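Text of protein.cif, listed as mmCIF, C-alpha atoms:
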```cif
data_query
#
loop_
_atom_site.label_atom_id
_atom_site.label_comp_id
_atom_site.auth_asym_id
_atom_site.auth_seq_id
_atom_site.Cartn_x
_atom_site.Cartn_y
_atom_site.Cartn_z
CA MET A 164 7.97 -10.60 -25.33
CA SER A 165 4.38 -9.34 -25.32
CA GLN A 166 3.39 -12.14 -27.69
CA ARG A 167 4.62 -14.81 -25.27
CA SER A 168 2.03 -16.13 -22.82
CA PHE A 169 3.04 -15.85 -19.19
CA LEU A 170 1.96 -17.90 -16.17
CA PRO A 171 3.44 -16.88 -12.80
CA ILE A 172 2.99 -19.24 -9.86
CA VAL A 173 3.13 -17.43 -6.52
CA LEU A 174 4.01 -19.60 -3.53
CA ALA A 175 2.10 -18.14 -0.58
CA ALA A 176 1.24 -21.05 1.72
CA GLY A 177 3.75 -20.19 4.46
CA LEU A 178 2.66 -19.75 8.06
CA GLY A 179 3.67 -16.83 10.25
CA THR A 180 5.54 -19.02 12.73
CA ARG A 181 8.85 -17.14 12.74
CA MET A 182 6.96 -13.86 12.88
CA ARG A 183 5.24 -15.07 16.05
CA SER A 184 1.92 -14.54 14.35
CA GLU A 185 -1.26 -16.49 13.76
CA MET A 186 -1.72 -14.59 10.51
CA PRO A 187 -0.23 -16.08 7.31
CA LYS A 188 3.19 -14.60 6.64
CA VAL A 189 2.22 -13.01 3.32
CA MET A 190 -0.71 -11.16 4.92
CA HIS A 191 1.58 -8.91 6.94
CA ALA A 192 1.71 -5.47 5.38
CA ILE A 193 4.25 -3.15 3.82
CA GLY A 194 3.00 0.29 2.87
CA ASN A 195 -0.46 -0.74 4.12
CA LEU A 196 -0.70 -3.56 1.57
CA PRO A 197 -0.18 -7.24 2.44
CA ILE A 198 3.18 -8.53 1.25
CA VAL A 199 1.63 -10.80 -1.37
CA GLY A 200 -0.35 -7.84 -2.70
CA HIS A 201 2.89 -6.18 -3.79
CA VAL A 202 3.83 -9.30 -5.73
CA LEU A 203 0.42 -9.44 -7.41
CA LYS A 204 0.61 -5.75 -8.37
CA THR A 205 4.03 -6.33 -9.91
CA LEU A 206 2.76 -9.29 -11.91
CA ASN A 207 -0.14 -7.25 -13.24
CA VAL A 208 2.33 -4.62 -14.44
CA ALA A 209 4.49 -7.40 -15.90
CA ASP A 210 1.60 -8.50 -18.16
CA ALA A 211 0.81 -11.86 -16.60
CA ASP A 212 -1.88 -13.61 -18.65
CA ARG A 213 -3.10 -15.51 -15.62
CA ILE A 214 -1.76 -15.95 -12.09
CA ALA A 215 -1.78 -19.06 -9.92
CA VAL A 216 -1.43 -18.53 -6.19
CA VAL A 217 -0.60 -21.46 -3.92
CA VAL A 218 -2.18 -21.09 -0.49
CA GLY A 219 -2.36 -23.23 2.63
CA PRO A 220 -5.41 -24.71 4.32
CA ASP A 221 -7.74 -22.31 6.15
CA MET A 222 -6.42 -19.18 4.44
CA GLN A 223 -9.76 -17.72 3.46
CA ALA A 224 -8.65 -14.13 4.06
CA LEU A 225 -5.70 -14.64 1.73
CA GLU A 226 -7.91 -16.11 -0.98
CA GLU A 227 -10.31 -13.17 -0.65
CA LEU A 228 -7.41 -10.73 -0.95
CA VAL A 229 -6.19 -12.46 -4.11
CA GLY A 230 -9.70 -12.24 -5.52
CA ARG A 231 -9.81 -8.47 -4.92
CA LEU A 232 -6.33 -7.64 -6.21
CA ALA A 233 -6.18 -10.11 -9.10
CA PRO A 234 -9.73 -11.17 -10.01
CA ASP A 235 -8.53 -13.48 -12.79
CA ALA A 236 -6.06 -15.32 -10.53
CA SER A 237 -6.69 -18.87 -9.36
CA CYS A 238 -5.91 -20.18 -5.88
CA HIS A 239 -4.52 -23.70 -5.36
CA GLN A 240 -4.25 -25.32 -1.95
CA GLN A 241 -1.10 -27.05 -0.74
CA THR A 242 -2.53 -29.30 1.93
CA ASP A 243 0.81 -30.70 3.17
CA ARG A 244 3.84 -28.42 3.17
CA LEU A 245 6.48 -30.65 1.57
CA GLY A 246 8.81 -28.16 -0.06
CA THR A 247 8.86 -25.55 -2.79
CA ALA A 248 8.57 -27.93 -5.73
CA HIS A 249 5.67 -29.67 -4.01
CA ALA A 250 4.07 -26.23 -3.58
CA ALA A 251 4.51 -25.36 -7.25
CA LEU A 252 2.90 -28.66 -8.24
CA ALA A 253 -0.15 -27.76 -6.16
CA ALA A 254 -0.92 -25.53 -9.16
CA ARG A 255 -0.83 -28.51 -11.54
CA SER A 256 -4.15 -27.63 -13.14
CA ALA A 257 -2.72 -24.22 -14.11
CA LEU A 258 0.51 -25.78 -15.35
CA GLU A 259 -1.42 -28.15 -17.58
CA VAL A 260 -2.76 -25.20 -19.56
CA PRO A 261 -0.05 -24.27 -22.11
CA ALA A 262 2.04 -21.16 -21.48
CA ASP A 263 5.25 -20.00 -23.10
CA ASP A 264 6.80 -18.74 -19.88
CA VAL A 265 6.24 -20.17 -16.40
CA LEU A 266 7.70 -18.27 -13.48
CA VAL A 267 7.78 -19.55 -9.90
CA LEU A 268 8.21 -16.85 -7.30
CA PHE A 269 7.42 -16.25 -3.68
CA GLY A 270 4.64 -14.30 -2.03
CA ASP A 271 7.05 -13.03 0.62
CA THR A 272 9.35 -11.07 -1.73
CA PRO A 273 7.41 -7.79 -2.02
CA LEU A 274 10.20 -5.70 -3.53
CA VAL A 275 10.66 -7.62 -6.77
CA THR A 276 10.16 -5.38 -9.80
CA PRO A 277 8.69 -5.90 -13.27
CA ALA A 278 12.20 -5.30 -14.65
CA ALA A 279 13.56 -8.30 -12.74
CA ILE A 280 10.75 -10.49 -14.05
CA SER A 281 11.48 -9.28 -17.58
CA LYS A 282 15.13 -10.29 -17.20
CA VAL A 283 14.09 -13.88 -16.52
CA ARG A 284 11.52 -13.92 -19.31
CA ASP A 285 14.05 -12.47 -21.76
CA GLN A 286 16.26 -15.50 -21.16
CA LEU A 287 13.35 -17.85 -21.83
CA ALA A 288 12.50 -15.95 -25.01
CA ALA A 289 16.14 -16.34 -26.07
CA GLY A 290 15.93 -20.13 -25.79
CA ALA A 291 16.63 -21.04 -22.16
CA ASP A 292 14.63 -23.89 -20.69
CA VAL A 293 15.33 -22.83 -17.10
CA ALA A 294 16.36 -19.33 -16.02
CA VAL A 295 17.21 -18.52 -12.41
CA LEU A 296 17.31 -14.99 -11.02
CA GLY A 297 20.46 -14.58 -8.97
CA PHE A 298 22.20 -11.75 -7.15
CA GLU A 299 25.60 -10.81 -5.85
CA ALA A 300 25.32 -11.14 -2.08
CA ALA A 301 27.17 -8.78 0.24
CA ASN A 302 27.17 -11.67 2.70
CA PRO A 303 26.36 -14.98 0.99
CA PHE A 304 26.10 -17.02 4.19
CA GLY A 305 22.90 -19.04 4.27
CA TYR A 306 22.06 -18.58 0.58
CA GLY A 307 22.09 -21.24 -2.09
CA ARG A 308 25.05 -20.70 -4.42
CA LEU A 309 24.65 -20.63 -8.20
CA LEU A 310 27.33 -22.86 -9.70
CA ILE A 311 28.09 -21.67 -13.22
CA GLU A 312 30.50 -23.11 -15.77
CA ASN A 313 31.02 -21.65 -19.25
CA GLY A 314 27.92 -19.51 -18.90
CA LYS A 315 25.71 -22.48 -17.95
CA LEU A 316 24.06 -22.92 -14.57
CA LEU A 317 24.96 -26.44 -13.45
CA ALA A 318 23.32 -26.53 -10.04
CA ILE A 319 22.14 -24.62 -6.99
CA ARG A 320 24.12 -25.72 -3.96
CA GLU A 321 22.65 -25.02 -0.55
CA GLU A 322 24.94 -23.70 2.17
CA LYS A 323 24.88 -26.89 4.21
CA ASP A 324 25.75 -29.03 1.18
CA ALA A 325 28.37 -26.74 -0.35
CA SER A 326 32.09 -27.49 -0.34
CA GLU A 327 34.57 -25.00 1.05
CA GLU A 328 35.33 -23.83 -2.49
CA GLU A 329 31.64 -23.51 -3.38
CA ARG A 330 31.01 -21.39 -0.29
CA LYS A 331 33.35 -18.78 -1.75
CA VAL A 332 30.80 -18.16 -4.52
CA THR A 333 28.92 -14.90 -3.94
CA PHE A 334 26.40 -15.26 -6.78
CA CYS A 335 23.35 -16.55 -4.95
CA ASN A 336 19.87 -17.87 -5.61
CA SER A 337 16.94 -15.49 -5.21
CA GLY A 338 14.42 -18.32 -5.37
CA ILE A 339 12.77 -16.88 -8.49
CA MET A 340 12.91 -19.38 -11.34
CA GLY A 341 11.56 -19.32 -14.88
CA PHE A 342 10.73 -22.33 -17.07
CA ASN A 343 9.99 -22.92 -20.69
CA GLY A 344 6.33 -23.86 -20.45
CA LYS A 345 6.86 -26.97 -22.56
CA VAL A 346 9.21 -28.55 -20.01
CA ALA A 347 8.04 -26.99 -16.73
CA LEU A 348 5.66 -29.70 -15.56
CA GLY A 349 8.00 -32.52 -16.56
CA LEU A 350 10.92 -31.01 -14.62
CA LEU A 351 8.81 -30.36 -11.53
CA ASP A 352 7.49 -33.93 -11.61
CA ALA A 353 11.08 -35.25 -11.84
CA ILE A 354 12.13 -33.63 -8.56
CA GLY A 355 12.50 -36.19 -5.79
CA ASN A 356 12.65 -35.99 -2.02
CA ASP A 357 15.83 -37.95 -1.28
CA ASN A 358 17.07 -35.55 1.37
CA ALA A 359 17.17 -35.17 5.14
CA LYS A 360 13.72 -33.59 5.36
CA GLY A 361 12.08 -35.76 2.73
CA GLU A 362 10.85 -32.67 0.88
CA PHE A 363 10.69 -31.67 -2.79
CA TYR A 364 12.93 -28.69 -3.54
CA LEU A 365 12.58 -26.39 -6.53
CA THR A 366 16.34 -25.82 -6.41
CA ASP A 367 16.88 -29.34 -7.79
CA ALA A 368 15.30 -28.34 -11.11
CA PRO A 369 18.38 -26.73 -12.74
CA GLU A 370 20.55 -29.81 -12.11
CA ILE A 371 17.88 -32.15 -13.48
CA ALA A 372 17.48 -29.91 -16.53
CA SER A 373 21.27 -29.86 -17.11
CA GLU A 374 21.40 -33.65 -16.93
CA ARG A 375 18.70 -33.76 -19.61
CA GLY A 376 20.74 -31.52 -21.88
CA LEU A 377 18.40 -28.58 -21.52
CA LYS A 378 19.66 -25.01 -21.53
CA VAL A 379 19.94 -23.65 -17.99
CA VAL A 380 21.09 -20.10 -17.26
CA ALA A 381 21.23 -17.57 -14.47
CA VAL A 382 20.58 -13.86 -14.76
CA ALA A 383 21.65 -11.20 -12.27
CA GLY A 384 19.19 -9.13 -10.30
CA ASP A 385 19.61 -6.74 -7.40
CA GLU A 386 19.98 -8.06 -3.86
CA GLU A 387 17.66 -5.41 -2.45
CA GLU A 388 14.67 -6.40 -4.57
CA VAL A 389 14.81 -10.14 -3.90
CA GLN A 390 14.73 -9.87 -0.12
CA GLY A 391 12.38 -12.39 1.43
CA ILE A 392 10.50 -11.93 4.68
CA ASN A 393 10.47 -14.50 7.47
CA THR A 394 10.79 -12.31 10.57
CA ARG A 395 9.49 -9.02 11.92
CA ALA A 396 12.98 -7.57 11.52
CA GLN A 397 13.00 -8.48 7.82
CA LEU A 398 9.52 -6.99 7.49
CA ALA A 399 10.84 -3.71 8.91
CA THR A 400 13.85 -3.80 6.59
CA CYS A 401 11.63 -4.24 3.52
CA GLU A 402 9.30 -1.49 4.74
CA ALA A 403 12.30 0.85 4.86
CA VAL A 404 13.26 -0.03 1.28
CA PHE A 405 9.67 0.45 0.11
CA GLN A 406 9.47 3.87 1.77
CA LYS A 407 12.80 4.89 0.22
CA ARG A 408 11.43 4.00 -3.22
CA MET A 409 8.20 5.92 -2.64
CA ARG A 410 10.05 9.01 -1.44
CA GLN A 411 12.36 8.94 -4.42
CA MET A 412 9.45 8.56 -6.81
CA ALA A 413 7.62 11.49 -5.18
CA LEU A 414 10.69 13.72 -5.47
CA GLU A 415 11.21 12.75 -9.11
CA ASN A 416 7.54 13.54 -9.80
CA GLY A 417 7.83 17.11 -8.57
CA VAL A 418 6.78 16.77 -4.92
CA SER A 419 8.77 18.74 -2.34
CA LEU A 420 9.56 16.68 0.77
CA GLN A 421 11.22 18.93 3.31
CA ALA A 422 12.49 16.00 5.38
CA PRO A 423 12.03 12.93 3.16
CA ASP A 424 13.05 10.32 5.73
CA THR A 425 10.23 11.43 8.06
CA VAL A 426 7.41 11.08 5.51
CA TYR A 427 5.64 7.72 5.21
CA PHE A 428 3.64 6.67 2.19
CA SER A 429 1.05 4.02 1.47
CA HIS A 430 1.26 1.77 -1.58
CA ASP A 431 -1.53 3.71 -3.29
CA THR A 432 -0.68 7.30 -2.34
CA GLU A 433 -1.29 9.67 -5.26
CA ILE A 434 0.38 13.08 -5.18
CA GLU A 435 0.48 15.55 -8.06
CA PRO A 436 3.46 17.84 -8.77
CA ASP A 437 3.99 21.08 -6.86
CA VAL A 438 2.81 19.67 -3.56
CA THR A 439 4.84 20.49 -0.44
CA VAL A 440 5.01 17.97 2.39
CA GLU A 441 6.51 19.14 5.64
CA PRO A 442 8.24 16.79 8.15
CA ASN A 443 6.59 13.87 9.96
CA VAL A 444 3.57 13.35 7.72
CA VAL A 445 1.93 9.93 7.37
CA PHE A 446 -0.17 8.93 4.37
CA GLY A 447 -2.47 5.99 5.06
CA PRO A 448 -4.33 4.05 2.35
CA GLY A 449 -6.49 5.81 -0.23
CA VAL A 450 -5.06 9.34 -0.25
CA SER A 451 -4.97 11.61 -3.29
CA ILE A 452 -3.43 15.08 -3.27
CA GLU A 453 -3.84 17.61 -6.09
CA SER A 454 -1.25 20.19 -7.14
CA GLY A 455 -0.42 23.24 -5.07
CA VAL A 456 -1.33 21.65 -1.74
CA THR A 457 0.74 22.09 1.40
CA ILE A 458 0.63 19.33 4.00
CA ARG A 459 2.06 20.77 7.17
CA ALA A 460 4.06 18.88 9.78
CA PHE A 461 2.77 16.00 11.89
CA SER A 462 -0.43 15.47 9.89
CA HIS A 463 -2.02 12.05 9.29
CA LEU A 464 -4.17 11.39 6.22
CA GLU A 465 -6.15 8.27 5.34
CA GLY A 466 -8.89 7.69 2.76
CA ALA A 467 -8.90 11.38 1.94
CA SER A 468 -8.78 13.60 -1.15
CA VAL A 469 -7.32 17.10 -1.05
CA GLY A 470 -8.14 19.63 -3.77
CA LYS A 471 -5.80 22.09 -5.49
CA GLY A 472 -4.16 24.78 -3.43
CA SER A 473 -5.47 23.55 -0.10
CA THR A 474 -3.59 23.57 3.18
CA VAL A 475 -3.68 20.79 5.77
CA GLY A 476 -2.18 20.97 9.24
CA PRO A 477 0.01 21.12 11.17
CA TYR A 478 -1.17 18.30 13.41
CA ALA A 479 -4.29 17.64 11.34
CA ARG A 480 -6.02 14.32 10.89
CA LEU A 481 -7.99 13.49 7.78
CA ARG A 482 -9.91 10.26 8.21
CA PRO A 483 -11.66 8.12 5.56
CA GLY A 484 -14.21 10.06 3.55
CA ALA A 485 -12.57 13.44 4.05
CA ASN A 486 -12.96 15.39 0.79
CA LEU A 487 -11.43 18.84 0.64
CA ALA A 488 -12.33 21.07 -2.31
CA GLU A 489 -9.95 23.54 -3.95
CA GLY A 490 -8.43 26.18 -1.74
CA SER A 491 -9.79 24.85 1.53
CA HIS A 492 -7.88 25.21 4.81
CA ILE A 493 -7.68 22.59 7.55
CA GLY A 494 -5.60 23.80 10.46
CA ASN A 495 -3.89 22.57 13.59
CA PHE A 496 -5.52 19.83 15.65
CA VAL A 497 -8.50 19.54 13.31
CA GLU A 498 -10.07 16.18 12.53
CA ILE A 499 -12.20 15.61 9.44
CA LYS A 500 -14.09 12.34 8.96
CA ASN A 501 -16.54 11.39 6.19
CA ALA A 502 -17.07 15.04 5.42
CA SER A 503 -16.83 17.37 2.43
CA VAL A 504 -15.29 20.78 2.88
CA GLY A 505 -16.22 23.22 0.12
CA ALA A 506 -13.92 25.39 -1.97
CA GLY A 507 -12.28 28.13 0.07
CA ALA A 508 -13.81 26.95 3.34
CA LYS A 509 -11.75 27.10 6.53
CA VAL A 510 -11.63 24.87 9.57
CA ASN A 511 -8.52 26.27 11.14
CA HIS A 512 -8.30 25.29 14.81
CA LEU A 513 -9.12 22.50 17.26
CA SER A 514 -12.30 21.25 15.60
CA TYR A 515 -14.01 17.98 14.74
CA ILE A 516 -16.09 17.80 11.56
CA GLY A 517 -17.61 14.37 11.04
CA ASP A 518 -20.40 13.14 8.76
CA ALA A 519 -20.88 16.63 7.42
CA THR A 520 -20.78 18.99 4.47
CA VAL A 521 -19.29 22.44 4.85
CA GLY A 522 -20.31 24.86 2.14
CA GLU A 523 -17.81 26.86 0.13
CA LYS A 524 -16.23 29.91 1.77
CA SER A 525 -17.66 29.00 5.16
CA ASN A 526 -15.58 29.54 8.29
CA ILE A 527 -15.69 27.11 11.20
CA GLY A 528 -14.40 28.62 14.43
CA ALA A 529 -11.99 27.08 16.92
CA GLY A 530 -13.37 24.30 19.09
CA THR A 531 -16.43 23.62 16.93
CA ILE A 532 -17.68 20.04 16.84
CA THR A 533 -20.37 18.24 14.90
CA CYS A 534 -22.10 15.86 17.26
CA ASN A 535 -22.65 13.11 14.72
CA TYR A 536 -23.11 10.06 16.97
CA ASP A 537 -25.99 9.62 19.40
CA GLY A 538 -24.84 6.31 20.82
CA PHE A 539 -26.81 4.31 18.27
CA GLY A 540 -26.20 5.77 14.81
CA LYS A 541 -24.38 8.43 12.83
CA HIS A 542 -26.17 11.57 11.66
CA LYS A 543 -25.26 14.31 9.20
CA THR A 544 -24.66 18.01 9.58
CA GLU A 545 -25.08 20.28 6.54
CA ILE A 546 -23.59 23.76 6.67
CA GLY A 547 -24.52 26.07 3.81
CA ALA A 548 -22.12 28.17 1.76
CA GLY A 549 -20.76 31.38 3.25
CA SER A 550 -21.71 30.51 6.80
CA PHE A 551 -19.76 31.51 9.90
CA VAL A 552 -19.72 29.24 12.95
CA GLY A 553 -18.31 30.90 16.05
CA SER A 554 -15.78 29.30 18.36
CA ASN A 555 -16.76 26.55 20.79
CA SER A 556 -20.03 25.83 19.01
CA THR A 557 -21.71 22.45 19.19
CA LEU A 558 -23.74 21.37 16.16
CA VAL A 559 -26.04 18.51 17.10
CA ALA A 560 -26.89 16.27 14.15
CA PRO A 561 -29.04 15.69 12.25
CA LEU A 562 -28.83 19.37 11.48
CA THR A 563 -29.04 21.73 8.51
CA LEU A 564 -27.70 25.26 8.52
CA GLY A 565 -28.73 27.33 5.52
CA GLU A 566 -26.48 29.56 3.46
CA GLY A 567 -24.99 32.64 5.04
CA VAL A 568 -25.84 31.57 8.57
CA TYR A 569 -24.07 33.22 11.51
CA VAL A 570 -23.68 31.07 14.66
CA ALA A 571 -22.65 32.99 17.75
CA ALA A 572 -19.66 31.68 19.70
CA GLY A 573 -20.45 29.09 22.34
CA SER A 574 -23.78 28.10 20.80
CA VAL A 575 -25.41 24.69 21.00
CA VAL A 576 -27.44 24.32 17.82
CA THR A 577 -30.10 21.61 17.68
CA ASP A 578 -32.66 22.84 15.18
CA ALA A 579 -32.48 23.67 11.48
CA VAL A 580 -31.50 27.24 10.67
CA SER A 581 -32.75 29.16 7.65
CA ASP A 582 -30.59 31.14 5.23
CA ASN A 583 -28.88 34.32 6.49
CA SER A 584 -30.04 33.86 10.07
CA LEU A 585 -28.16 34.61 13.28
CA VAL A 586 -28.19 31.81 15.84
CA ILE A 587 -27.51 32.42 19.52
CA GLY A 588 -27.70 29.00 21.08
CA ARG A 589 -26.60 29.73 24.61
CA GLY A 590 -29.17 28.15 26.85
CA ARG A 591 -32.39 28.50 24.85
CA GLN A 592 -31.69 28.76 21.11
CA VAL A 593 -32.65 32.08 19.59
CA GLU A 594 -32.96 32.67 15.83
CA LYS A 595 -33.27 36.17 14.40
CA SER A 596 -34.25 36.04 10.76
CA GLY A 597 -32.22 38.22 8.41
CA ARG A 598 -29.84 39.49 11.11
CA ALA A 599 -26.80 37.76 9.60
CA GLU A 600 -27.09 40.00 6.54
CA GLU A 601 -27.31 43.07 8.76
CA LEU A 602 -24.23 41.99 10.71
CA ARG A 603 -22.22 41.46 7.54
CA ALA A 604 -23.23 44.88 6.24
CA ARG A 605 -22.25 46.46 9.57
CA PHE A 606 -18.86 44.72 9.57
CA LYS A 607 -18.27 45.68 5.95
CA ALA A 608 -19.06 49.32 6.68
CA ALA A 609 -16.79 49.36 9.75
CA LYS A 610 -13.96 47.85 7.75
CA ALA A 611 -14.43 50.42 5.02
CA MET A 612 -14.21 53.23 7.57
CA LYS A 613 -10.93 51.87 8.95
CA SER A 614 -9.38 51.68 5.51
#
```
Kindly present the structure from the file in structure tokens form.
Amino acid sequence: MSQRSFLPIVLAAGLGTRMRSEMPKVMHAIGNLPIVGHVLKTLNVADADRIAVVVGPDMQALEELVGRLAPDASCHQQTDRLGTAHAALAARSALEVPADDVLVLFGDTPLVTPAAISKVRDQLAAGADVAVLGFEAANPFGYGRLLIENGKLLAIREEKDASEEERKVTFCNSGIMGFNGKVALGLLDAIGNDNAKGEFYLTDAPEIASERGLKVVAVAGDEEEVQGINTRAQLATCEAVFQKRMRQMALENGVSLQAPDTVYFSHDTEIEPDVTVEPNVVFGPGVSIESGVTIRAFSHLEGASVGKGSTVGPYARLRPGANLAEGSHIGNFVEIKNASVGAGAKVNHLSYIGDATVGEKSNIGAGTITCNYDGFGKHKTEIGAGSFVGSNSTLVAPLTLGEGVYVAAGSVVTDAVSDNSLVIGRGRQVEKSGRAEELRARFKAAKAMKS
């Protein structure tokens, strides 16, 4: 199979009319990735040599997305929407370049797997000229029926054209169709538009191929993975299937989900084994979690990385750019944005840390905020290792706190603080050089006396 060249043609020119949306249908998202993006990811896994994507007019955002997800793919515009075969022929320039296997599939079927694509290609490798992916439908109403005789696919009969006997057939057309590259263009060109809508339908190809004495077969796939999306309800149904797959994969990979149905993943979520995820956690795009981490209930993570053995939540929010080092602790109602939290550091209660670095083994008290935005621009706060910031402190950026700094509770800190200093920023800021070391020694001695 790997020696056979493979050209998939993705039909993605549909509008979002039935979704009541001005956005192209395939740009709606599942798992925080546009529908068509799932198809492109699958094709990359399925070893596509090159990908042709058929788009409609004025779909610049779609073309840009294709360029990001599949840089070697080509986009082809279908100016007039005159049916699926007409759409496939919009990629004529791609079809004219020889390929062993040509596969036509839809940009609105995000659940299709590499295994399903391989089933179709296996039939082509075995000598089929046309191979259609079918499925056994629980309720076949509305689907095109695959009419098979002696193992050969004779035709695809649409519901409205089917006889009473043909409507009893439950083996239905998924819309995914493979062609021997040598005959693909000729068959597509032979499809006419002698029908009520005057359109060119890909489903006519098997019958034309049969009439030409070519080998036409159908192969069975799974109904779940060939679901198409035309409505918001179907989008929600496919989202549910996607989430079920992601949860199952996480469990199989050694992740503990205490209430799996309440955890929501993104398409690119990366979680190592021995992570525990409590109920009602949402992973947005760009999250990576290392082993030994606990994500407590009702936390939301996006664009964040969490180091080994760390704890997040409950009710925590990690926003893009949050980078937690090993053994760090982010507690309840804490928000971290574009900030690095050092190894062993703690931000345990009711705090906002934005555009900042928190040194290792520092402790940020409850209610502390970094004032990173002055109404015009963002500014950075740097907190040195081993520092202690008392509760209800306000750190006004740009600001640097040295290592071992002690900030008294309720302080407003506006000026840089040197290493091992005590800051009392209530009213007029007061800095007492070296006092932080004295305080730590005093606390250490008192603790030793108690023990």
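In this comparison, which uses only C-alpha atoms, the residue of A:Ala347, A:Leu558, A:Leu266, A:Val426 approaching Lys543 (chain A) most closely is A:Leu558.
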(request) Using all atoms listed in the file, find the one residue out of A:His249, A:Arg284, A:His239, A:Arg480 that sits nearest to Gln166 (chain A). (result) A:Arg284
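Candidate residues A:Ala611, A:Ala253, A:Ile319, A:Leu178 were compared for distance to Ile392 (chain A), and the nearest is A:Leu178, using only C-alpha atoms.
Taking CA of Leu225 (chain A) and CA of Pro273 (chain A) as the two end points, the separation is 15.3 Å.
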For region 522-539 of chain A, what centre and edge lengths in Å (one decimal) does the axis-aligned box get once 8 Å is added on each side of all its listed atoms, as AutoDock Vina command-line options?
```
--center_x -19.4 --center_y 17.1 --center_z 10.5 --size_x 30.8 --size_y 41.6 --size_z 36.7
```
Set the distance at 8 Å and use only C-alpha atoms: which residues neighbour Leu348 (chain A) once local chain neighbours fewer than 6 positions away are removed? I'd like the list as an mmCIF file with C-alpha atoms, in the coordinates of the input.
```
data_model
loop_
_atom_site.group_PDB
_atom_site.id
_atom_site.type_symbol
_atom_site.label_atom_id
_atom_site.label_comp_id
_atom_site.auth_asym_id
_atom_site.auth_seq_id
_atom_site.Cartn_x
_atom_site.Cartn_y
_atom_site.Cartn_z
ATOM 1 C CA LEU A 252 2.900 -28.660 -8.240
ATOM 2 C CA ARG A 255 -0.830 -28.510 -11.540
ATOM 3 C CA LEU A 258 0.510 -25.780 -15.350
ATOM 4 C CA GLU A 259 -1.420 -28.150 -17.580
#
```
(message) Since I can't run it myself right now, could you work out what the PyMOL selection byres ((chain A and resi 454-459) around 12) selects here and report it as a PyMOL selection string?
(response) chain A and resi 416-422+426+433-446+451-453+460-464+468-481+487-496
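Of the residues under consideration (A:Ser256, A:Gln411, A:Gln240, A:Gln286), A:Gln286 shows the shortest atom-to-atom contact distance to Ala383 (chain A) when counting only C-alpha atoms.
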(request) Name the residues that the PyMOL selection byres ((chain A and resi 536) around 12) picks from the file above, as a list in words, using the file's chain letters and numbers. (result) Ile516, Gly517, Asp518, Ala519, Ile532, Thr533, Cys534, Asn535, Asp537, Gly538, Phe539, Gly540, Lys541, His542, Lys543, Thr544, Leu558, Val559, Ala560 and Pro561 of chain A
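For the choices A:Ile339, A:Ala368, A:Ala224, A:Val568, the atom-to-atom distance to Ala279 (chain A) is smallest for A:Ile339 when using only C-alpha atoms.
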(request) On this file, the PyMOL selection byres ((chain A and resi 184-196) around 8) gives some set of residues; write that set as a list in words. (result) Ala175, Ala176, Gly177, Leu178, Gly179, Thr180, Arg181, Met182, Arg183, Pro197, Ile198, Val199, Gly200, His201, Met222, Leu225, Gly270, Asp271, Asn393, Leu398, Cys401, Glu402, Phe405, Gln406, Phe428, Ser429, His430, Gly447 and Pro448 of chain A
(request) Extract, using all atoms listed in the file, all DNA, RNA and protein residues at most 8 Å from region 350-357 of chain A, discarding same-chain residues fewer than 2 positions from it, and format them as a ChimeraX atom specification. (result) /A:248,251-252,346-348,359-365,367-368,371-372
(request) Identify the residues within 12 Å of coordinate (28.8, -8.2, 1.8) (same frame as the file), considering all atoms listed in the file, and give the answer as a ChimeraX atom specification. (result) /A:298-304,332-334,386
(message) Please report the interatomic distance between CA of Gly528 (chain A) and CA of Glu465 (chain A) in Å with one decimal.
(response) 23.8 Å
(message) With all atoms listed in the file as the counted atoms, please give the residues lying no more than 12 Å from Gly290 (chain A), apart from itself and same-chain residues fewer than 5 positions off, as a ChimeraX atom specification.
(response) /A:263-264,283-285,341-345,377-380
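Separating CA of Met412 (chain A) from CA of Ala209 (chain A) is a distance of 19.0 Å.
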